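Participant: Contents of entry21.cif (mmCIF, C-alpha atoms) are given next:
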```
data_coords
loop_
_atom_site.label_atom_id
_atom_site.label_comp_id
_atom_site.auth_asym_id
_atom_site.auth_seq_id
_atom_site.Cartn_x
_atom_site.Cartn_y
_atom_site.Cartn_z
CA MET A 1 8.05 -34.90 -152.38
CA ASN A 2 11.82 -35.08 -152.61
CA PHE A 3 13.47 -36.67 -149.64
CA PRO A 4 17.00 -35.90 -148.49
CA SER A 5 17.59 -39.55 -147.65
CA LYS A 6 16.70 -42.91 -149.23
CA LEU A 7 16.08 -44.36 -145.76
CA ILE A 8 13.43 -41.83 -144.86
CA GLU A 9 11.88 -42.11 -148.32
CA GLU A 10 11.49 -45.88 -147.92
CA ALA A 11 10.10 -45.53 -144.40
CA VAL A 12 7.60 -42.88 -145.54
CA ASN A 13 6.52 -45.07 -148.45
CA GLU A 14 5.99 -48.06 -146.18
CA ILE A 15 4.13 -46.10 -143.48
CA SER A 16 1.89 -44.36 -146.01
CA ARG A 17 0.71 -47.77 -147.29
CA LEU A 18 -1.31 -48.00 -144.08
CA PRO A 19 -4.96 -46.95 -144.48
CA GLY A 20 -5.74 -43.32 -143.79
CA ILE A 21 -2.09 -42.26 -143.58
CA GLY A 22 -0.76 -39.95 -146.27
CA LYS A 23 2.82 -38.99 -147.09
CA LYS A 24 2.83 -35.98 -144.77
CA THR A 25 1.57 -37.90 -141.76
CA ALA A 26 3.99 -40.71 -142.59
CA LEU A 27 6.88 -38.23 -142.61
CA ARG A 28 5.76 -36.81 -139.27
CA LEU A 29 5.64 -40.30 -137.76
CA ALA A 30 9.06 -41.22 -139.19
CA LEU A 31 10.64 -38.03 -137.83
CA HIS A 32 8.97 -38.66 -134.49
CA LEU A 33 10.60 -42.09 -134.29
CA LEU A 34 13.96 -40.53 -135.17
CA LYS A 35 13.64 -38.18 -132.21
CA GLN A 36 12.84 -40.99 -129.78
CA LYS A 37 15.32 -43.45 -128.33
CA GLU A 38 16.13 -46.44 -130.49
CA ASN A 39 14.24 -48.86 -128.25
CA VAL A 40 10.93 -47.10 -128.99
CA THR A 41 11.25 -48.13 -132.64
CA GLU A 42 12.48 -51.56 -131.63
CA GLU A 43 9.52 -52.20 -129.35
CA LEU A 44 7.05 -50.94 -131.93
CA THR A 45 8.44 -53.17 -134.68
CA LYS A 46 8.75 -56.15 -132.34
CA SER A 47 5.11 -55.92 -131.28
CA LEU A 48 3.95 -55.57 -134.90
CA LEU A 49 5.98 -58.57 -136.03
CA SER A 50 4.86 -60.80 -133.17
CA LEU A 51 1.26 -59.70 -133.69
CA ARG A 52 1.45 -60.68 -137.34
CA LYS A 53 3.31 -63.94 -136.77
CA ASP A 54 1.83 -65.31 -133.55
CA ILE A 55 -1.81 -64.23 -133.69
CA LYS A 56 -4.35 -67.01 -133.65
CA TYR A 57 -8.00 -67.10 -134.58
CA CYS A 58 -10.62 -68.75 -132.42
CA GLY A 59 -11.69 -72.03 -134.02
CA ILE A 60 -15.27 -71.48 -132.90
CA CYS A 61 -16.13 -67.82 -133.47
CA HIS A 62 -13.13 -66.71 -135.65
CA ASN A 63 -12.32 -63.78 -133.37
CA ILE A 64 -8.61 -63.05 -132.82
CA SER A 65 -7.24 -64.91 -129.87
CA ASP A 66 -4.03 -65.92 -128.11
CA SER A 67 -5.09 -69.58 -128.08
CA ASP A 68 -7.18 -71.92 -130.23
CA VAL A 69 -10.37 -70.97 -128.40
CA CYS A 70 -10.88 -67.29 -127.55
CA SER A 71 -11.59 -66.04 -124.05
CA ILE A 72 -15.21 -65.27 -124.91
CA CYS A 73 -15.99 -68.76 -126.29
CA ALA A 74 -14.12 -70.29 -123.35
CA GLY A 75 -15.85 -67.98 -120.83
CA LYS A 76 -17.73 -69.88 -118.12
CA ARG A 77 -20.25 -67.11 -117.43
CA ARG A 78 -21.27 -66.60 -121.03
CA GLU A 79 -24.79 -67.40 -122.17
CA ARG A 80 -24.08 -70.12 -124.73
CA GLY A 81 -27.52 -70.12 -126.31
CA ILE A 82 -27.19 -66.75 -128.06
CA ILE A 83 -24.83 -66.01 -130.96
CA CYS A 84 -24.28 -62.48 -132.22
CA VAL A 85 -23.15 -62.46 -135.87
CA VAL A 86 -20.84 -59.56 -136.78
CA GLU A 87 -18.92 -58.49 -139.86
CA ASP A 88 -15.48 -58.17 -138.32
CA ILE A 89 -13.34 -58.11 -135.19
CA PRO A 90 -13.77 -54.42 -134.22
CA ASP A 91 -17.52 -55.04 -133.99
CA VAL A 92 -16.91 -57.64 -131.26
CA LEU A 93 -14.83 -55.10 -129.33
CA ALA A 94 -17.50 -52.42 -129.79
CA ILE A 95 -20.29 -54.66 -128.48
CA GLU A 96 -18.13 -55.98 -125.64
CA ASN A 97 -17.45 -52.41 -124.54
CA THR A 98 -21.17 -51.77 -124.05
CA SER A 99 -21.27 -54.48 -121.31
CA GLN A 100 -24.86 -55.12 -122.44
CA TYR A 101 -24.31 -58.46 -124.11
CA ASN A 102 -23.36 -61.71 -122.47
CA GLY A 103 -23.73 -64.22 -125.28
CA LEU A 104 -21.24 -65.54 -127.82
CA TYR A 105 -20.13 -64.14 -131.17
CA HIS A 106 -19.53 -65.27 -134.70
CA VAL A 107 -17.18 -63.22 -136.88
CA LEU A 108 -18.04 -63.57 -140.59
CA GLY A 109 -14.91 -61.79 -141.83
CA GLY A 110 -16.90 -59.60 -144.20
CA VAL A 111 -20.29 -59.36 -145.86
CA ILE A 112 -21.62 -60.70 -149.16
CA SER A 113 -20.63 -58.27 -151.90
CA PRO A 114 -20.97 -59.41 -155.53
CA ILE A 115 -19.25 -56.21 -156.71
CA GLN A 116 -16.15 -57.01 -154.68
CA GLY A 117 -16.46 -60.67 -155.57
CA ILE A 118 -17.23 -61.78 -152.03
CA GLY A 119 -19.70 -64.66 -151.97
CA PRO A 120 -21.14 -66.66 -149.06
CA ASP A 121 -18.34 -69.22 -149.41
CA ASP A 122 -15.70 -66.56 -148.69
CA LEU A 123 -17.29 -65.87 -145.31
CA LYS A 124 -17.68 -67.98 -142.18
CA ILE A 125 -21.36 -68.64 -142.84
CA GLU A 126 -21.04 -72.41 -143.27
CA SER A 127 -19.07 -72.46 -140.04
CA LEU A 128 -22.00 -70.71 -138.30
CA ILE A 129 -24.47 -73.25 -139.66
CA ASN A 130 -22.27 -76.16 -138.54
CA ARG A 131 -21.78 -74.55 -135.16
CA ILE A 132 -25.54 -74.33 -134.62
CA ALA A 133 -26.20 -77.81 -136.04
CA GLN A 134 -23.55 -79.39 -133.84
CA SER A 135 -24.25 -77.51 -130.63
CA PRO A 136 -24.64 -80.00 -127.75
CA GLU A 137 -28.08 -80.57 -126.24
CA ASN A 138 -27.35 -78.61 -123.04
CA GLU A 139 -25.98 -75.61 -124.98
CA LYS A 140 -28.56 -75.48 -127.79
CA VAL A 141 -28.52 -72.20 -129.70
CA LYS A 142 -31.82 -70.44 -129.08
CA GLU A 143 -31.23 -67.13 -130.81
CA VAL A 144 -29.01 -65.62 -133.49
CA ILE A 145 -28.62 -61.84 -133.41
CA LEU A 146 -27.58 -60.32 -136.74
CA ALA A 147 -25.47 -57.22 -136.04
CA LEU A 148 -24.42 -56.53 -139.61
CA PRO A 149 -24.05 -53.11 -141.27
CA ALA A 150 -27.23 -51.43 -142.53
CA THR A 151 -26.02 -51.42 -146.12
CA MET A 152 -27.09 -53.29 -149.24
CA GLU A 153 -24.33 -55.84 -148.58
CA GLY A 154 -25.15 -56.16 -144.89
CA ASP A 155 -28.86 -56.64 -145.60
CA THR A 156 -28.11 -59.22 -148.29
CA THR A 157 -25.94 -61.14 -145.84
CA SER A 158 -28.61 -60.94 -143.12
CA PHE A 159 -31.22 -62.22 -145.58
CA PHE A 160 -28.98 -65.07 -146.71
CA ILE A 161 -28.20 -66.17 -143.14
CA THR A 162 -31.84 -65.90 -142.08
CA ARG A 163 -32.85 -68.23 -144.92
CA ARG A 164 -30.12 -70.72 -144.08
CA LEU A 165 -31.18 -70.72 -140.43
CA LYS A 166 -34.83 -71.46 -141.20
CA GLU A 167 -34.42 -75.22 -140.89
CA PHE A 168 -33.32 -74.91 -137.25
CA GLY A 169 -36.45 -73.06 -136.18
CA ILE A 170 -34.50 -70.75 -133.87
CA LYS A 171 -35.17 -67.09 -133.21
CA VAL A 172 -33.30 -64.72 -135.55
CA SER A 173 -33.17 -61.05 -134.56
CA THR A 174 -31.32 -57.97 -135.73
CA ILE A 175 -30.02 -55.03 -133.70
CA ALA A 176 -32.33 -52.01 -133.51
CA ARG A 177 -31.83 -49.15 -135.97
CA GLY A 178 -33.02 -45.75 -134.91
CA ILE A 179 -32.07 -42.37 -133.61
CA PRO A 180 -28.90 -42.51 -131.50
CA VAL A 181 -29.34 -41.81 -127.79
CA GLY A 182 -28.91 -38.04 -127.41
CA GLY A 183 -29.51 -37.53 -131.14
CA GLU A 184 -31.89 -34.85 -132.33
CA LEU A 185 -34.88 -35.69 -134.48
CA GLU A 186 -34.49 -32.79 -136.89
CA TYR A 187 -30.89 -33.69 -137.78
CA THR A 188 -31.53 -37.40 -138.31
CA ASP A 189 -31.54 -38.63 -141.91
CA GLU A 190 -34.92 -39.63 -143.34
CA VAL A 191 -34.14 -43.33 -143.71
CA THR A 192 -33.17 -43.71 -140.07
CA LEU A 193 -36.05 -41.58 -138.84
CA GLY A 194 -38.51 -43.44 -141.08
CA ARG A 195 -37.25 -46.81 -139.85
CA SER A 196 -37.41 -45.69 -136.24
CA ILE A 197 -41.11 -44.89 -136.66
CA LEU A 198 -41.88 -48.16 -138.43
CA THR A 199 -40.01 -50.20 -135.80
CA ARG A 200 -41.35 -48.19 -132.86
CA VAL A 201 -41.21 -49.84 -129.45
CA ASN A 202 -44.35 -50.38 -127.44
CA TYR A 203 -43.88 -48.02 -124.49
CA SER A 204 -46.51 -49.48 -122.20
CA ALA A 205 -45.18 -53.01 -122.60
CA GLU A 206 -41.52 -52.13 -122.10
CA MET B 1 -10.96 -51.13 -124.20
CA ASN B 2 -10.74 -54.85 -123.53
CA PHE B 3 -8.81 -56.77 -126.12
CA PRO B 4 -9.41 -60.42 -126.93
CA SER B 5 -5.67 -61.01 -127.31
CA LYS B 6 -2.53 -59.85 -125.49
CA LEU B 7 -0.70 -59.58 -128.80
CA ILE B 8 -3.16 -57.12 -130.26
CA GLU B 9 -3.27 -55.19 -127.00
CA GLU B 10 0.50 -54.74 -127.03
CA ALA B 11 0.53 -53.76 -130.70
CA VAL B 12 -2.28 -51.22 -130.15
CA ASN B 13 -0.44 -49.77 -127.15
CA GLU B 14 2.78 -49.39 -129.13
CA ILE B 15 1.11 -47.91 -132.22
CA SER B 16 -0.93 -45.45 -130.15
CA ARG B 17 2.29 -44.04 -128.67
CA LEU B 18 2.84 -42.39 -132.04
CA PRO B 19 1.72 -38.75 -132.15
CA GLY B 20 -1.84 -38.15 -133.32
CA ILE B 21 -2.81 -41.83 -133.24
CA GLY B 22 -5.38 -42.92 -130.67
CA LYS B 23 -6.38 -46.41 -129.59
CA LYS B 24 -9.12 -46.75 -132.19
CA THR B 25 -6.89 -45.79 -135.11
CA ALA B 26 -4.14 -48.03 -133.71
CA LEU B 27 -6.56 -50.96 -133.64
CA ARG B 28 -7.63 -50.24 -137.21
CA LEU B 29 -3.99 -50.20 -138.34
CA ALA B 30 -3.19 -53.42 -136.45
CA LEU B 31 -6.19 -55.23 -137.95
CA HIS B 32 -5.20 -53.92 -141.38
CA LEU B 33 -1.75 -55.47 -141.00
CA LEU B 34 -3.35 -58.75 -139.93
CA LYS B 35 -5.37 -58.82 -143.15
CA GLN B 36 -2.31 -58.22 -145.33
CA LYS B 37 0.33 -60.77 -146.22
CA GLU B 38 3.06 -61.26 -143.65
CA ASN B 39 5.70 -59.57 -145.82
CA VAL B 40 3.81 -56.23 -145.65
CA THR B 41 4.44 -56.10 -141.90
CA GLU B 42 7.98 -57.37 -142.39
CA GLU B 43 8.83 -54.65 -144.90
CA LEU B 44 7.25 -51.95 -142.76
CA THR B 45 9.19 -52.97 -139.66
CA LYS B 46 12.42 -53.46 -141.62
CA SER B 47 12.23 -49.96 -143.08
CA LEU B 48 11.47 -48.42 -139.67
CA LEU B 49 14.37 -50.22 -138.01
CA SER B 50 16.88 -49.39 -140.72
CA LEU B 51 15.68 -45.78 -140.72
CA ARG B 52 16.24 -45.52 -136.98
CA LYS B 53 19.58 -47.34 -136.98
CA ASP B 54 21.29 -46.19 -140.17
CA ILE B 55 20.13 -42.59 -140.56
CA LYS B 56 22.88 -39.98 -140.58
CA TYR B 57 22.79 -36.26 -140.04
CA CYS B 58 24.64 -33.83 -142.30
CA GLY B 59 27.69 -32.49 -140.45
CA ILE B 60 27.20 -29.05 -142.03
CA CYS B 61 23.47 -28.27 -141.97
CA HIS B 62 22.20 -31.05 -139.61
CA ASN B 63 19.56 -32.20 -142.09
CA ILE B 64 18.96 -35.95 -142.29
CA SER B 65 21.16 -37.60 -144.85
CA ASP B 66 22.42 -40.93 -146.15
CA SER B 67 26.04 -39.78 -145.89
CA ASP B 68 28.07 -37.40 -143.73
CA VAL B 69 27.29 -34.45 -145.98
CA CYS B 70 23.73 -34.16 -147.29
CA SER B 71 22.85 -33.86 -150.98
CA ILE B 72 21.93 -30.18 -150.61
CA CYS B 73 25.22 -29.16 -148.94
CA ALA B 74 27.11 -31.28 -151.48
CA GLY B 75 25.06 -29.92 -154.41
CA LYS B 76 27.20 -28.26 -157.08
CA ARG B 77 24.49 -25.91 -158.36
CA ARG B 78 23.56 -24.51 -154.96
CA GLU B 79 24.16 -20.87 -154.12
CA ARG B 80 26.58 -21.24 -151.23
CA GLY B 81 26.34 -17.63 -150.04
CA ILE B 82 22.81 -17.89 -148.64
CA ILE B 83 21.80 -19.94 -145.61
CA CYS B 84 18.15 -20.46 -144.67
CA VAL B 85 17.76 -21.20 -140.96
CA VAL B 86 14.82 -23.49 -140.12
CA GLU B 87 13.46 -25.10 -136.98
CA ASP B 88 13.39 -28.69 -138.16
CA ILE B 89 13.72 -31.16 -141.02
CA PRO B 90 10.14 -30.95 -142.43
CA ASP B 91 10.73 -27.21 -143.00
CA VAL B 92 13.62 -28.04 -145.34
CA LEU B 93 11.36 -30.38 -147.30
CA ALA B 94 8.59 -27.76 -147.44
CA ILE B 95 10.91 -25.06 -148.79
CA GLU B 96 12.57 -27.48 -151.21
CA ASN B 97 9.17 -28.39 -152.61
CA THR B 98 8.51 -24.76 -153.58
CA SER B 99 11.50 -24.86 -156.01
CA GLN B 100 11.95 -21.16 -155.22
CA TYR B 101 15.09 -21.41 -153.14
CA ASN B 102 18.51 -22.46 -154.30
CA GLY B 103 20.68 -21.70 -151.28
CA LEU B 104 21.75 -23.87 -148.36
CA TYR B 105 20.01 -24.66 -145.08
CA HIS B 106 20.76 -24.84 -141.39
CA VAL B 107 18.51 -27.00 -139.21
CA LEU B 108 18.43 -25.73 -135.62
CA GLY B 109 16.60 -28.77 -134.24
CA GLY B 110 14.09 -26.61 -132.36
CA VAL B 111 13.61 -23.04 -131.11
CA ILE B 112 14.54 -21.35 -127.85
CA SER B 113 11.82 -22.09 -125.29
CA PRO B 114 12.53 -21.33 -121.63
CA ILE B 115 9.26 -23.03 -120.62
CA GLN B 116 10.33 -26.31 -122.19
CA GLY B 117 13.87 -25.77 -120.92
CA ILE B 118 15.37 -25.35 -124.40
CA GLY B 119 18.19 -22.82 -124.42
CA PRO B 120 20.48 -21.65 -127.25
CA ASP B 121 23.04 -24.31 -126.31
CA ASP B 122 20.52 -27.08 -127.01
CA LEU B 123 20.19 -25.89 -130.60
CA LYS B 124 22.64 -25.80 -133.51
CA ILE B 125 23.15 -22.04 -133.19
CA GLU B 126 26.85 -22.18 -132.33
CA SER B 127 27.30 -24.50 -135.30
CA LEU B 128 25.70 -21.84 -137.52
CA ILE B 129 28.04 -19.13 -136.19
CA ASN B 130 31.10 -21.35 -136.72
CA ARG B 131 29.88 -22.26 -140.18
CA ILE B 132 29.64 -18.58 -141.15
CA ALA B 133 32.93 -17.66 -139.47
CA GLN B 134 34.82 -20.48 -141.17
CA SER B 135 33.27 -20.18 -144.62
CA PRO B 136 36.07 -20.03 -147.25
CA GLU B 137 36.72 -16.74 -149.06
CA ASN B 138 35.12 -17.88 -152.35
CA GLU B 139 31.99 -19.13 -150.60
CA LYS B 140 31.49 -16.28 -148.11
CA VAL B 141 28.02 -16.23 -146.59
CA LYS B 142 26.29 -13.04 -147.74
CA GLU B 143 22.82 -13.57 -146.33
CA VAL B 144 21.05 -15.53 -143.61
CA ILE B 145 17.30 -16.04 -144.07
CA LEU B 146 15.45 -16.77 -140.83
CA ALA B 147 12.50 -19.04 -141.64
CA LEU B 148 11.43 -19.72 -138.06
CA PRO B 149 7.85 -20.00 -136.76
CA ALA B 150 5.98 -16.75 -136.04
CA THR B 151 5.58 -17.59 -132.36
CA MET B 152 7.05 -16.13 -129.19
CA GLU B 153 9.73 -18.84 -129.25
CA GLY B 154 10.44 -18.43 -132.95
CA ASP B 155 10.76 -14.66 -132.61
CA THR B 156 13.05 -15.03 -129.57
CA THR B 157 15.27 -17.39 -131.55
CA SER B 158 15.30 -15.06 -134.55
CA PHE B 159 16.24 -12.14 -132.29
CA PHE B 160 19.00 -14.15 -130.61
CA ILE B 161 20.53 -15.27 -133.92
CA THR B 162 20.29 -11.78 -135.41
CA ARG B 163 22.28 -10.39 -132.46
CA ARG B 164 24.91 -13.11 -132.71
CA LEU B 165 25.31 -12.46 -136.44
CA LYS B 166 25.86 -8.72 -136.00
CA GLU B 167 29.66 -9.04 -135.85
CA PHE B 168 29.77 -10.54 -139.34
CA GLY B 169 28.02 -7.61 -140.96
CA ILE B 170 25.99 -9.87 -143.27
CA LYS B 171 22.44 -9.39 -144.39
CA VAL B 172 19.85 -11.05 -142.14
CA SER B 173 16.33 -11.40 -143.51
CA THR B 174 13.17 -13.22 -142.50
CA ILE B 175 10.50 -14.82 -144.67
CA ALA B 176 7.48 -12.62 -145.43
CA ARG B 177 4.37 -12.97 -143.27
CA GLY B 178 1.10 -11.99 -144.80
CA ILE B 179 -2.10 -13.16 -146.37
CA PRO B 180 -1.66 -16.53 -148.12
CA VAL B 181 -1.93 -16.49 -151.89
CA GLY B 182 -5.61 -17.05 -152.63
CA GLY B 183 -6.58 -16.08 -149.08
CA GLU B 184 -9.43 -13.68 -148.46
CA LEU B 185 -8.90 -10.43 -146.57
CA GLU B 186 -12.04 -10.68 -144.47
CA TYR B 187 -11.19 -14.12 -143.11
CA THR B 188 -7.57 -13.34 -142.24
CA ASP B 189 -6.76 -12.93 -138.54
CA GLU B 190 -5.98 -9.37 -137.39
CA VAL B 191 -2.34 -10.02 -136.51
CA THR B 192 -1.52 -11.35 -139.96
CA LEU B 193 -3.55 -8.66 -141.73
CA GLY B 194 -1.99 -5.94 -139.58
CA ARG B 195 1.51 -7.22 -140.28
CA SER B 196 0.81 -7.48 -143.99
CA ILE B 197 -0.07 -3.78 -144.05
CA LEU B 198 2.96 -2.74 -142.03
CA THR B 199 5.33 -4.80 -144.18
CA ARG B 200 3.65 -3.86 -147.46
CA VAL B 201 5.69 -4.29 -150.61
CA ASN B 202 6.39 -1.33 -152.87
CA TYR B 203 4.45 -2.16 -156.02
CA SER B 204 6.12 0.27 -158.39
CA ALA B 205 9.60 -0.86 -157.40
CA GLU B 206 8.87 -4.59 -157.55
#
```
Give the structure from this file in structure tokens form.
Facilitator:
Amino acid sequence: MNFPSKLIEEAVNEISRLPGIGKKTALRLALHLLKQKENVTEELTKSLLSLRKDIKYCGICHNISDSDVCSICAGKRRERGIICVVEDIPDVLAIENTSQYNGLYHVLGGVISPIQGIGPDDLKIESLINRIAQSPENEKVKEVILALPATMEGDTTSFFITRRLKEFGIKVSTIARGIPVGGELEYTDEVTLGRSILTRVNYSAE
Amino acid sequence: MNFPSKLIEEAVNEISRLPGIGKKTALRLALHLLKQKENVTEELTKSLLSLRKDIKYCGICHNISDSDVCSICAGKRRERGIICVVEDIPDVLAIENTSQYNGLYHVLGGVISPIQGIGPDDLKIESLINRIAQSPENEKVKEVILALPATMEGDTTSFFITRRLKEFGIKVSTIARGIPVGGELEYTDEVTLGRSILTRVNYSAE
């Protein structure tokens, strides 16, 4: 694409470095900003800069936070005996939005992936172990829920964490895989459908 | 959505004000920036701010430009007798990318739309008339190509401009509507197919 102006070319190049945004979308966004008042662009850039510069990460669960301990870890009504281990920050938001979980979290910051060169030491696994080992007597961790992706990498990470947690003798569970609520049997992939039969839930006991 | 941090909430709100970007995409973009080095965000915001503050518009064709006259209007090899009238800046880029047009442009900045309260005076129509009226003898405008959208508003604008140009006795044309190259007859909508028959091109004379 040939641009009539160096300024718009640079802006389009910068915007299109964002994931999932191509040159055409970038141009549309740039032209949109040009049509708005100057303060729209100013507020957008200000919020991006202050996000990048002032964001903090919770020292306990590694979720993003405005202070050194996030609002979930500091929450008084949270069940402190359960820790849900997730790959990344959006997963915390997704689970929080269900309103079905009242425990704490632990954000690994990724999953073990030898291909991408990500080993256990690159993730917050040691931090999870320490957290459980050092939990005070009245807030002992009783259960760790592994909510990692159902991929090779996710399963490897789950396996690795499960083995590391053995010494503590606490319950380790993983979120249920199966047919989504409202999903139709005939359109479900075989792996999911197969797993949902193998891990069937006892109806009478529920 | 509940955010664990005010900073990320503000950034997501600002990003999702952009057209076509919802809260989820905004969050993904914000988290992407957090994972990158700080200078990625700095360069992005710098380019957006300088785009918004330093951009100029060509005094002749109203295209965006780095100087007071854009590179197309200042181009020495351009055919100065033909003006292609377009709705907005992306249309100029689209036509330029075809490499099939060597004339000049005129960016209206929109089309006449009574519903949205856009009248002829809100567009650069008077500027087009003046431009044609004041064109020097050796660069007389011979033809105006209307490349406006094939909508009610676009057609109204085309009609309005055609009437205003009558006094100059110059050729007024519009870009061809028809079946896209590579398009299949059976999947083309009736209006387009009907128009492509009515405005058929004489094969023997081509």
Participant: Excluding range 112-129 of chain B and any residue of its chain fewer than 4 positions from it, enumerate the residues within 12 Å of it, using all atoms listed in the file, and give them as a PyMOL selection string.
Facilitator: chain B and resi 58-63+83-88+104-108+133-135+141+144+146+148-149+151-168+170
Participant: When you count only C-alpha atoms, which of these residues is closest to chain A: B:Lys37, B:Arg177, B:Lys76, B:Arg131?
Facilitator: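 Closest candidate: B:Lys37.
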Participant: Residues of chain B within 6 Å of chain A, counting only C-alpha atoms - could you list those as a list in words?
Facilitator: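 My answer is Pro4, Ser5, Leu7, Ala11, Glu14, Leu34, Leu44, Thr45, Ser47, Leu48, Leu51, Arg52, Ser65 and Asp66 of chain B.
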Participant: Produce a file of the selected residues containing C-alpha atoms, as a compact mmCIF listing (two decimals), keeping the file's coordinate frame.
Facilitator:
```txt
# COMPACT_ATOMS: atom_id res chain seq x y z
CA PRO B 4 -9.41 -60.42 -126.93
CA SER B 5 -5.67 -61.01 -127.31
CA LEU B 7 -0.70 -59.58 -128.80
CA ALA B 11 0.53 -53.76 -130.70
CA GLU B 14 2.78 -49.39 -129.13
CA LEU B 34 -3.35 -58.75 -139.93
CA LEU B 44 7.25 -51.95 -142.76
CA THR B 45 9.19 -52.97 -139.66
CA SER B 47 12.23 -49.96 -143.08
CA LEU B 48 11.47 -48.42 -139.67
CA LEU B 51 15.68 -45.78 -140.72
CA ARG B 52 16.24 -45.52 -136.98
CA SER B 65 21.16 -37.60 -144.85
CA ASP B 66 22.42 -40.93 -146.15
```
Participant: Just the number, please: distance in Å from CA of Lys142 in chain B to CA of Gly81 in chain B, one decimal.
Facilitator: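 Computing the Euclidean distance for CA of Lys142 in chain B and CA of Gly81 in chain B yields 5.1 Å.
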Participant: Could you state which residues are captured by the PyMOL selection byres ((chain B and resi 78) around 7) in this file, as a short mmCIF file (atom, residue, chain, number, x, y, z; two decimals) with C-alpha atoms, in the frame of the given file?
Facilitator:
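Saved file expr-v6.cif follows:
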```cif
data_model
loop_
_atom_site.label_atom_id
_atom_site.label_comp_id
_atom_site.auth_asym_id
_atom_site.auth_seq_id
_atom_site.Cartn_x
_atom_site.Cartn_y
_atom_site.Cartn_z
CA GLY B 75 25.06 -29.92 -154.41
CA LYS B 76 27.20 -28.26 -157.08
CA ARG B 77 24.49 -25.91 -158.36
CA GLU B 79 24.16 -20.87 -154.12
CA ARG B 80 26.58 -21.24 -151.23
CA ASN B 102 18.51 -22.46 -154.30
CA GLY B 103 20.68 -21.70 -151.28
CA LEU B 104 21.75 -23.87 -148.36
#
```
Participant: Since the input has fewer atoms than a full residue there, write range 101-105 of chain B out with all heavy atoms, as a compact mmCIF listing (two decimals), in the frame of the given file.
Facilitator:
```txt
# COMPACT_ATOMS: atom_id res chain seq x y z
N TYR B 101 13.91 -21.74 -153.92
CA TYR B 101 15.09 -21.41 -153.14
C TYR B 101 16.24 -22.30 -153.58
O TYR B 101 16.09 -23.51 -153.72
CB TYR B 101 14.79 -21.63 -151.65
CG TYR B 101 15.97 -21.34 -150.75
CD1 TYR B 101 16.45 -20.05 -150.60
CD2 TYR B 101 16.59 -22.37 -150.06
CE1 TYR B 101 17.53 -19.79 -149.77
CE2 TYR B 101 17.67 -22.12 -149.23
CZ TYR B 101 18.14 -20.83 -149.09
OH TYR B 101 19.20 -20.57 -148.28
N ASN B 102 17.39 -21.69 -153.79
CA ASN B 102 18.51 -22.46 -154.30
C ASN B 102 19.75 -22.37 -153.40
O ASN B 102 20.85 -22.71 -153.80
CB ASN B 102 18.84 -21.99 -155.73
CG ASN B 102 19.72 -22.97 -156.45
OD1 ASN B 102 19.62 -24.17 -156.21
ND2 ASN B 102 20.62 -22.46 -157.27
N GLY B 103 19.54 -21.84 -152.19
CA GLY B 103 20.68 -21.70 -151.28
C GLY B 103 20.84 -22.94 -150.41
O GLY B 103 20.35 -24.01 -150.74
N LEU B 104 21.54 -22.77 -149.29
CA LEU B 104 21.75 -23.87 -148.36
C LEU B 104 20.82 -23.72 -147.15
O LEU B 104 20.10 -22.73 -147.04
CB LEU B 104 23.21 -23.88 -147.90
CG LEU B 104 24.26 -23.96 -149.02
CD1 LEU B 104 25.67 -23.92 -148.44
CD2 LEU B 104 24.06 -25.21 -149.85
N TYR B 105 20.86 -24.69 -146.27
CA TYR B 105 20.01 -24.66 -145.08
C TYR B 105 20.83 -24.80 -143.81
O TYR B 105 22.01 -25.18 -143.85
CB TYR B 105 19.00 -25.81 -145.12
CG TYR B 105 17.98 -25.68 -146.21
CD1 TYR B 105 18.19 -26.27 -147.44
CD2 TYR B 105 16.82 -24.95 -146.00
CE1 TYR B 105 17.25 -26.14 -148.45
CE2 TYR B 105 15.88 -24.83 -147.00
CZ TYR B 105 16.11 -25.43 -148.22
OH TYR B 105 15.17 -25.30 -149.22
```
